[in-house]
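Visitor: Submitted below is the structure of interest, expressed as structure tokens.
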Amino acid sequence: MESKQTPLGYVSFSVFAWIVGLLIFFPIFWMVLTSFKSELEAVSIPPSFISFDWTLENYAEVQERSNYFKFAMNSVILAVGSTLVGLVFAVTCAWAMAFNPTKRTKDALLWMLSTKMMPPVGVLVPIYLMFRDWGLLDTRFGLIMVLFLMNLPIMVWMLYTYFKEIPTDILEAARMDGATLPKEIIFVLLPMAVPGIASTMLLNIILAWNEAFWTLNLTTSDAAPLTAFIASYSSPEGLFWAKLSAASTLAVAPILVIGWFSQKQLVRGLTFGAVK
Amino acid sequence: MGAIRLEKVKKTFGTLDVIPGVDLDINDGEFVVFVGPSGCGKSTLLRLIAGLEDVTDGKILINGTDVATEAPAKRGLSMVFQSYALYPHMTVYNNIAFGLKMAGESKEVIEEKVQSAAKILNLTDYLERRPSALSGGQRQRVAIGRAIVRNPAAFLFDEPLSNLDAALRVNMRLEITGLHQELKTTMIYVTHDQVEAMTMADKIVVLQAGRVEQVGKPMELYNSPANKFVAGFIGSPKMNFLGGELAKKYDCHEIGIRPEHVAVSTENGEIPATVKIAEHLGAETYLHVEADGYGPMTVRATGEVPLGEHDKIFLTPEQDRIHRFDAHGLALGKS
Ligand SMILES: Nc1ncnc2c1ncn2[C@@H]1O[C@H](COP(=O)(O)OP(=O)(O)OP(=O)(O)O)[C@@H](O)[C@H]1O
Ligand SMILES: [Mg+2]
């Protein structure tokens, strides 16, 4: 395909791609830049690009006012925890659907996925009440459960597409070799599906990290992750752009770095069924 | 020890009746080949014996014990798959050792058994490789190695050679036969290639639409097929079936005569015919002819025969090689 492209077409396509890329990247760039400005410069018009007094005072103040590491720790625990719990359920579920399908398997999959189309706010009240009655409000455990259930359909779907590509023969060979079901899954299926599992985990860590609706509504302080950390800078005493930017930069930095290093894996995972 | 007995084994997939009911006896140490056209249920029957599919009804006895509801591993059988089904993420060594590990054997026992299997199968130099770095024939050997080390009551093969090229297939065929002579373990071998069936089997089971059409030694099936289906399926090229005058003469609905049992002459004979296509193979020549009053026939002449398109010839079936069939396709005795 590439070889057939005219130079002109190639150039205009590149320019277009760069424009889209920069448009997407600009807010993040601006946020990072603002975080190094003083509050005054942050709101000055016209805005200054490089020629301002670079300062770290926003970061210092943010760290002083709230314990960044506590929030970051919660984010890590929630993201990784919900992904690991999800993996246990998703692997077994996807195994059943991929290797022992029935006439209704596709429908079940679509139905699971369709639950993602429902606005979460629709179940906010019942879930909030359940959390309150069971003492789960502001606990990491409760939040891990919610996040894992939120992302389970996507995990099952992704793993299902991966498992579909693995020949059933190989699992049957393991069965003939005397492997019990758990051993068949752990020693044969999972090692063969490593790329798929890795991208499923990555995507879910990112989704859970960025999840703001439930984390904001179900936590106050103990279990609050970085989403709550950012939010705490946006309300009470008006908007402090520079400090808000510093807090946001701190919050997105870890996941951005992970995403950057694993982008190949992620793209491969998300387009798996499509290309081949 | 590996005597296997099937009693009224049935299998349905939903409403599809794949195996309506099979009874079969396989003796210890026998090399049994299931043969039949595509889709006749050979693989299904093998998978039922292996335990990879559950029987709908009936008994599967291995050495006298009914294992129809046992897990595959409990049956003590090994299987070699058409696709080889090697574990791609493990080395050849670990592929062969996997079953032993699952059985909880000690490191020393595993080492010894894997090495000895590798030696039998000429795999010693490849033990550290991944399956993806092996040729088709080598992969097939690994699959066989994996089956051997578990010391099974019986080996199950599902078209193990169909992914190999013709030359390699002949080699592996001999190797598997050699292996059987050496191990003397029961083997059940599925193929749709009747040449494999004829050359390898102690006993052939001909299947059609999930039913056993005939069971017997290769030469029994060749010399006295029980019906038209078996007669047409065993032997290559296919047996010719002729009705009309000849059938009347032999007092039956149709007669069958194999291509190799027809004498070819350019001067005189029973049936005049015209050559359509002559296939010269050197050692033999296959003549596809149009027989007057009987339609297309195939005959085999030994050696080089100087015949070609449009040549007129005469065919004479060998009298004592004629098979007689009734209107239902069942074989009648010799006349
Ligand atoms: N899991 C299944 N669900 C439904 N039908 C099946 C299933 N497995 C096999 N069949 C059907 O059962 C019949 C027999 O299949 P089987 O694979 O045993 O044939 P075979 O003799 O091995 O053919 P081949 O020579 O092509 O391998 C076929 O009609 C097939 O479509
Ligand atoms: Mg088959």
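As shown in the structure tokens, the chain order sets the letters A, B, ...; within each chain, residues go from 1, and ligands are also counted from 1 in the order they appear.
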Show me which residues line ligand 1, defined as having an atom within 7 Å of a ligand atom where only C-alpha atoms and all ligand atoms count, and present them as a list of chain:residue names.

Guide: B:Phe13, B:Leu16, B:Val18, B:Gly36, B:Pro37, B:Ser38, B:Gly39, B:Cys40, B:Gly41, B:Lys42, B:Ser43, B:Thr44, B:Leu45, B:Thr191, B:His192

Visitor: Store the residues of this selection in a file with N, CA and C atoms, as a PDB file, in the first residue's frame.

Guide:
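The result, stored in part26.pdb:
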ATOM      1  N   PHE B  13     -24.224 -34.767  17.986  1.00  0.00           N
ATOM      2  CA  PHE B  13     -23.952 -33.349  18.236  1.00  0.00           C
ATOM      3  C   PHE B  13     -25.270 -32.620  18.026  1.00  0.00           C
ATOM      4  N   LEU B  16     -27.535 -33.809  15.260  1.00  0.00           N
ATOM      5  CA  LEU B  16     -26.754 -34.521  14.250  1.00  0.00           C
ATOM      6  C   LEU B  16     -26.259 -35.847  14.815  1.00  0.00           C
ATOM      7  N   VAL B  18     -23.928 -38.429  14.599  1.00  0.00           N
ATOM      8  CA  VAL B  18     -22.651 -38.667  13.924  1.00  0.00           C
ATOM      9  C   VAL B  18     -22.243 -40.136  14.005  1.00  0.00           C
ATOM     10  N   GLY B  36     -12.126 -44.182   5.997  1.00  0.00           N
ATOM     11  CA  GLY B  36     -13.441 -43.837   5.472  1.00  0.00           C
ATOM     12  C   GLY B  36     -13.387 -42.463   4.854  1.00  0.00           C
ATOM     13  N   PRO B  37     -14.415 -42.100   4.109  1.00  0.00           N
ATOM     14  CA  PRO B  37     -14.393 -40.789   3.450  1.00  0.00           C
ATOM     15  C   PRO B  37     -14.463 -39.647   4.470  1.00  0.00           C
ATOM     16  N   SER B  38     -14.155 -38.459   4.011  1.00  0.00           N
ATOM     17  CA  SER B  38     -14.156 -37.297   4.889  1.00  0.00           C
ATOM     18  C   SER B  38     -15.538 -37.084   5.514  1.00  0.00           C
ATOM     19  N   GLY B  39     -15.542 -36.803   6.794  1.00  0.00           N
ATOM     20  CA  GLY B  39     -16.805 -36.518   7.473  1.00  0.00           C
ATOM     21  C   GLY B  39     -17.563 -37.740   7.934  1.00  0.00           C
ATOM     22  N   CYS B  40     -16.949 -38.935   7.850  1.00  0.00           N
ATOM     23  CA  CYS B  40     -17.685 -40.146   8.205  1.00  0.00           C
ATOM     24  C   CYS B  40     -17.634 -40.425   9.706  1.00  0.00           C
ATOM     25  N   GLY B  41     -16.868 -39.641  10.446  1.00  0.00           N
ATOM     26  CA  GLY B  41     -16.866 -39.815  11.893  1.00  0.00           C
ATOM     27  C   GLY B  41     -15.646 -40.525  12.451  1.00  0.00           C
ATOM     28  N   LYS B  42     -14.585 -40.642  11.656  1.00  0.00           N
ATOM     29  CA  LYS B  42     -13.365 -41.306  12.131  1.00  0.00           C
ATOM     30  C   LYS B  42     -12.770 -40.557  13.326  1.00  0.00           C
ATOM     31  N   SER B  43     -12.567 -39.240  13.139  1.00  0.00           N
ATOM     32  CA  SER B  43     -11.973 -38.458  14.215  1.00  0.00           C
ATOM     33  C   SER B  43     -12.862 -38.481  15.445  1.00  0.00           C
ATOM     34  N   THR B  44     -14.160 -38.360  15.223  1.00  0.00           N
ATOM     35  CA  THR B  44     -15.081 -38.357  16.349  1.00  0.00           C
ATOM     36  C   THR B  44     -14.951 -39.659  17.138  1.00  0.00           C
ATOM     37  N   LEU B  45     -14.903 -40.785  16.436  1.00  0.00           N
ATOM     38  CA  LEU B  45     -14.786 -42.075  17.115  1.00  0.00           C
ATOM     39  C   LEU B  45     -13.475 -42.140  17.913  1.00  0.00           C
ATOM     40  N   THR B 191      -7.152 -42.521   9.145  1.00  0.00           N
ATOM     41  CA  THR B 191      -6.675 -41.951   7.880  1.00  0.00           C
ATOM     42  C   THR B 191      -7.801 -42.000   6.870  1.00  0.00           C
ATOM     43  N   HIS B 192      -7.729 -41.159   5.851  1.00  0.00           N
ATOM     44  CA  HIS B 192      -8.678 -41.382   4.759  1.00  0.00           C
ATOM     45  C   HIS B 192      -7.930 -41.893   3.528  1.00  0.00           C
TER      46      HIS B 192
END

Visitor: So which residues of region 1-125 of chain B fall under helix (DSSP H, G or I) by DSSP, listed as a PyMOL selection string?

Guide: chain B and resi 42-50+72-75+92-102+107-120+124-125

Visitor: Out of B:Val35, B:Leu207, B:Ala117, B:Met102, which residue has the shortest atom-to-atom distance to Gly21 (chain B) when counting only C-alpha atoms?

Guide: B:Leu207

Visitor: If DSSP is run on the backbone, what residues of region 171-293 of chain B are strand (DSSP E or B)? A reply as a PyMOL selection string would be ideal.

Guide: chain B and resi 186-191+203-208+211-216+227+240-242+254-257+262-265+271-280+284-291

Visitor: Would you pick out the contacts of Ala247 (chain B) at 12 Å or less, using only C-alpha atoms, so that residues sharing its chain but fewer than 6 positions from it are not included, and give the list as a PDB file with N, CA, C and O atoms, in the first residue's frame?

Guide:
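Resulting contents of out22.pdb:
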ATOM      1  N   PHE B 241     -17.529 -51.097 -11.570  1.00  0.00           N
ATOM      2  CA  PHE B 241     -18.811 -51.774 -11.370  1.00  0.00           C
ATOM      3  C   PHE B 241     -19.565 -51.817 -12.694  1.00  0.00           C
ATOM      4  O   PHE B 241     -19.745 -50.791 -13.338  1.00  0.00           O
ATOM      5  N   HIS B 253     -26.964 -58.354  -9.583  1.00  0.00           N
ATOM      6  CA  HIS B 253     -27.382 -57.021  -9.996  1.00  0.00           C
ATOM      7  C   HIS B 253     -26.240 -56.272 -10.669  1.00  0.00           C
ATOM      8  O   HIS B 253     -26.422 -55.577 -11.659  1.00  0.00           O
ATOM      9  N   GLU B 254     -25.058 -56.432 -10.103  1.00  0.00           N
ATOM     10  CA  GLU B 254     -23.884 -55.738 -10.623  1.00  0.00           C
ATOM     11  C   GLU B 254     -22.656 -56.583 -10.343  1.00  0.00           C
ATOM     12  O   GLU B 254     -22.615 -57.279  -9.326  1.00  0.00           O
ATOM     13  N   ILE B 255     -21.672 -56.518 -11.213  1.00  0.00           N
ATOM     14  CA  ILE B 255     -20.412 -57.173 -10.854  1.00  0.00           C
ATOM     15  C   ILE B 255     -19.355 -56.093 -10.623  1.00  0.00           C
ATOM     16  O   ILE B 255     -19.457 -54.978 -11.120  1.00  0.00           O
ATOM     17  N   GLY B 256     -18.359 -56.451  -9.822  1.00  0.00           N
ATOM     18  CA  GLY B 256     -17.236 -55.548  -9.595  1.00  0.00           C
ATOM     19  C   GLY B 256     -15.959 -56.229 -10.037  1.00  0.00           C
ATOM     20  O   GLY B 256     -15.785 -57.432  -9.798  1.00  0.00           O
ATOM     21  N   ILE B 257     -15.114 -55.483 -10.702  1.00  0.00           N
ATOM     22  CA  ILE B 257     -13.832 -56.055 -11.109  1.00  0.00           C
ATOM     23  C   ILE B 257     -12.768 -54.981 -10.944  1.00  0.00           C
ATOM     24  O   ILE B 257     -12.953 -53.838 -11.331  1.00  0.00           O
ATOM     25  N   TYR B 294     -21.008 -50.416 -21.407  1.00  0.00           N
ATOM     26  CA  TYR B 294     -20.811 -50.383 -19.951  1.00  0.00           C
ATOM     27  C   TYR B 294     -20.345 -49.025 -19.425  1.00  0.00           C
ATOM     28  O   TYR B 294     -20.280 -48.795 -18.239  1.00  0.00           O
ATOM     29  N   ILE B 322     -13.987 -61.842 -10.039  1.00  0.00           N
ATOM     30  CA  ILE B 322     -15.202 -61.039 -10.155  1.00  0.00           C
ATOM     31  C   ILE B 322     -15.977 -61.050  -8.845  1.00  0.00           C
ATOM     32  O   ILE B 322     -16.144 -62.094  -8.217  1.00  0.00           O
ATOM     33  N   HIS B 323     -16.393 -59.857  -8.396  1.00  0.00           N
ATOM     34  CA  HIS B 323     -17.222 -59.732  -7.189  1.00  0.00           C
ATOM     35  C   HIS B 323     -18.653 -59.512  -7.624  1.00  0.00           C
ATOM     36  O   HIS B 323     -18.916 -58.748  -8.545  1.00  0.00           O
ATOM     37  N   ARG B 324     -19.593 -60.182  -6.948  1.00  0.00           N
ATOM     38  CA  ARG B 324     -21.005 -60.044  -7.310  1.00  0.00           C
ATOM     39  C   ARG B 324     -21.756 -59.295  -6.225  1.00  0.00           C
ATOM     40  O   ARG B 324     -21.529 -59.514  -5.036  1.00  0.00           O
ATOM     41  N   PHE B 325     -22.623 -58.372  -6.650  1.00  0.00           N
ATOM     42  CA  PHE B 325     -23.396 -57.581  -5.686  1.00  0.00           C
ATOM     43  C   PHE B 325     -24.871 -57.640  -6.015  1.00  0.00           C
ATOM     44  O   PHE B 325     -25.249 -57.694  -7.186  1.00  0.00           O
ATOM     45  N   ASP B 326     -25.717 -57.611  -4.948  1.00  0.00           N
ATOM     46  CA  ASP B 326     -27.163 -57.590  -5.181  1.00  0.00           C
ATOM     47  C   ASP B 326     -27.640 -56.142  -5.310  1.00  0.00           C
ATOM     48  O   ASP B 326     -26.840 -55.205  -5.272  1.00  0.00           O
ATOM     49  N   ALA B 327     -28.949 -55.974  -5.419  1.00  0.00           N
ATOM     50  CA  ALA B 327     -29.500 -54.648  -5.686  1.00  0.00           C
ATOM     51  C   ALA B 327     -29.232 -53.669  -4.541  1.00  0.00           C
ATOM     52  O   ALA B 327     -29.262 -52.455  -4.727  1.00  0.00           O
ATOM     53  N   SER B 335     -19.736 -67.075  -7.611  1.00  0.00           N
ATOM     54  CA  SER B 335     -20.669 -67.920  -8.361  1.00  0.00           C
ATOM     55  C   SER B 335     -19.986 -69.220  -8.739  1.00  0.00           C
ATOM     56  O   SER B 335     -18.778 -69.272  -8.848  1.00  0.00           O
TER      57      SER B 335
END

Visitor: Find the distance between CA of Ala283 (chain B) and CA of Met172 (chain B) and write it in Å to one decimal.

Guide: 23.9 Å

Visitor: Compile the residues of chain A that lie within 6 Å of chain B, evaluated using only C-alpha atoms, and express the compilation as an mmCIF file with N, CA and C atoms, in the first residue's frame.

Guide:
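The resulting file, out25.cif, is reproduced below:
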data_model
loop_
_atom_site.group_PDB
_atom_site.id
_atom_site.type_symbol
_atom_site.label_atom_id
_atom_site.label_comp_id
_atom_site.auth_asym_id
_atom_site.auth_seq_id
_atom_site.Cartn_x
_atom_site.Cartn_y
_atom_site.Cartn_z
ATOM 1 N N ASP A 169 -6.492 -27.994 19.707
ATOM 2 C CA ASP A 169 -5.657 -29.207 19.731
ATOM 3 C C ASP A 169 -4.612 -29.178 20.829
ATOM 4 N N ILE A 170 -3.968 -28.019 20.980
ATOM 5 C CA ILE A 170 -2.852 -27.938 21.920
ATOM 6 C C ILE A 170 -3.350 -28.131 23.348
ATOM 7 N N MET A 176 -4.600 -34.770 27.258
ATOM 8 C CA MET A 176 -4.165 -36.154 27.074
ATOM 9 C C MET A 176 -2.909 -36.421 27.896
ATOM 10 N N ASP A 177 -2.089 -35.396 28.038
ATOM 11 C CA ASP A 177 -0.848 -35.537 28.792
ATOM 12 C C ASP A 177 -1.096 -35.555 30.298
ATOM 13 N N GLY A 178 -2.342 -35.474 30.685
ATOM 14 C CA GLY A 178 -2.654 -35.605 32.102
ATOM 15 C C GLY A 178 -2.710 -34.308 32.870
ATOM 16 N N ALA A 179 -2.771 -33.174 32.151
ATOM 17 C CA ALA A 179 -2.855 -31.900 32.858
ATOM 18 C C ALA A 179 -4.284 -31.699 33.356
#

Visitor: Compare B:Thr15, B:Asn94, B:Ser162, B:Asn27 by their minimum atom-to-atom distance to ligand 2, counting only C-alpha atoms and all ligand atoms, and give me the closest one.

Guide: B:Ser162

Visitor: Between A:Leu124, A:Val156, A:Ala251, A:Ala17, single out the one closest to Thr200 (chain A), counting only C-alpha atoms.

Guide: A:Val156

Visitor: With distances taken over only C-alpha atoms and all ligand atoms, which of B:Glu279, B:Glu30, B:Asp125, B:Asp193 is nearest to ligand 2?

Guide: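 Checking each candidate against ligand 2, we get B:Asp193 as the closest.
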
Visitor: I'd like to know which of B:Cys252, B:Val305, B:Val264, B:Val67 is closest to Leu281 (chain B), using only C-alpha atoms.

Guide: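 Using only C-alpha atoms, Leu281 (chain B) sits closest to B:Val305.
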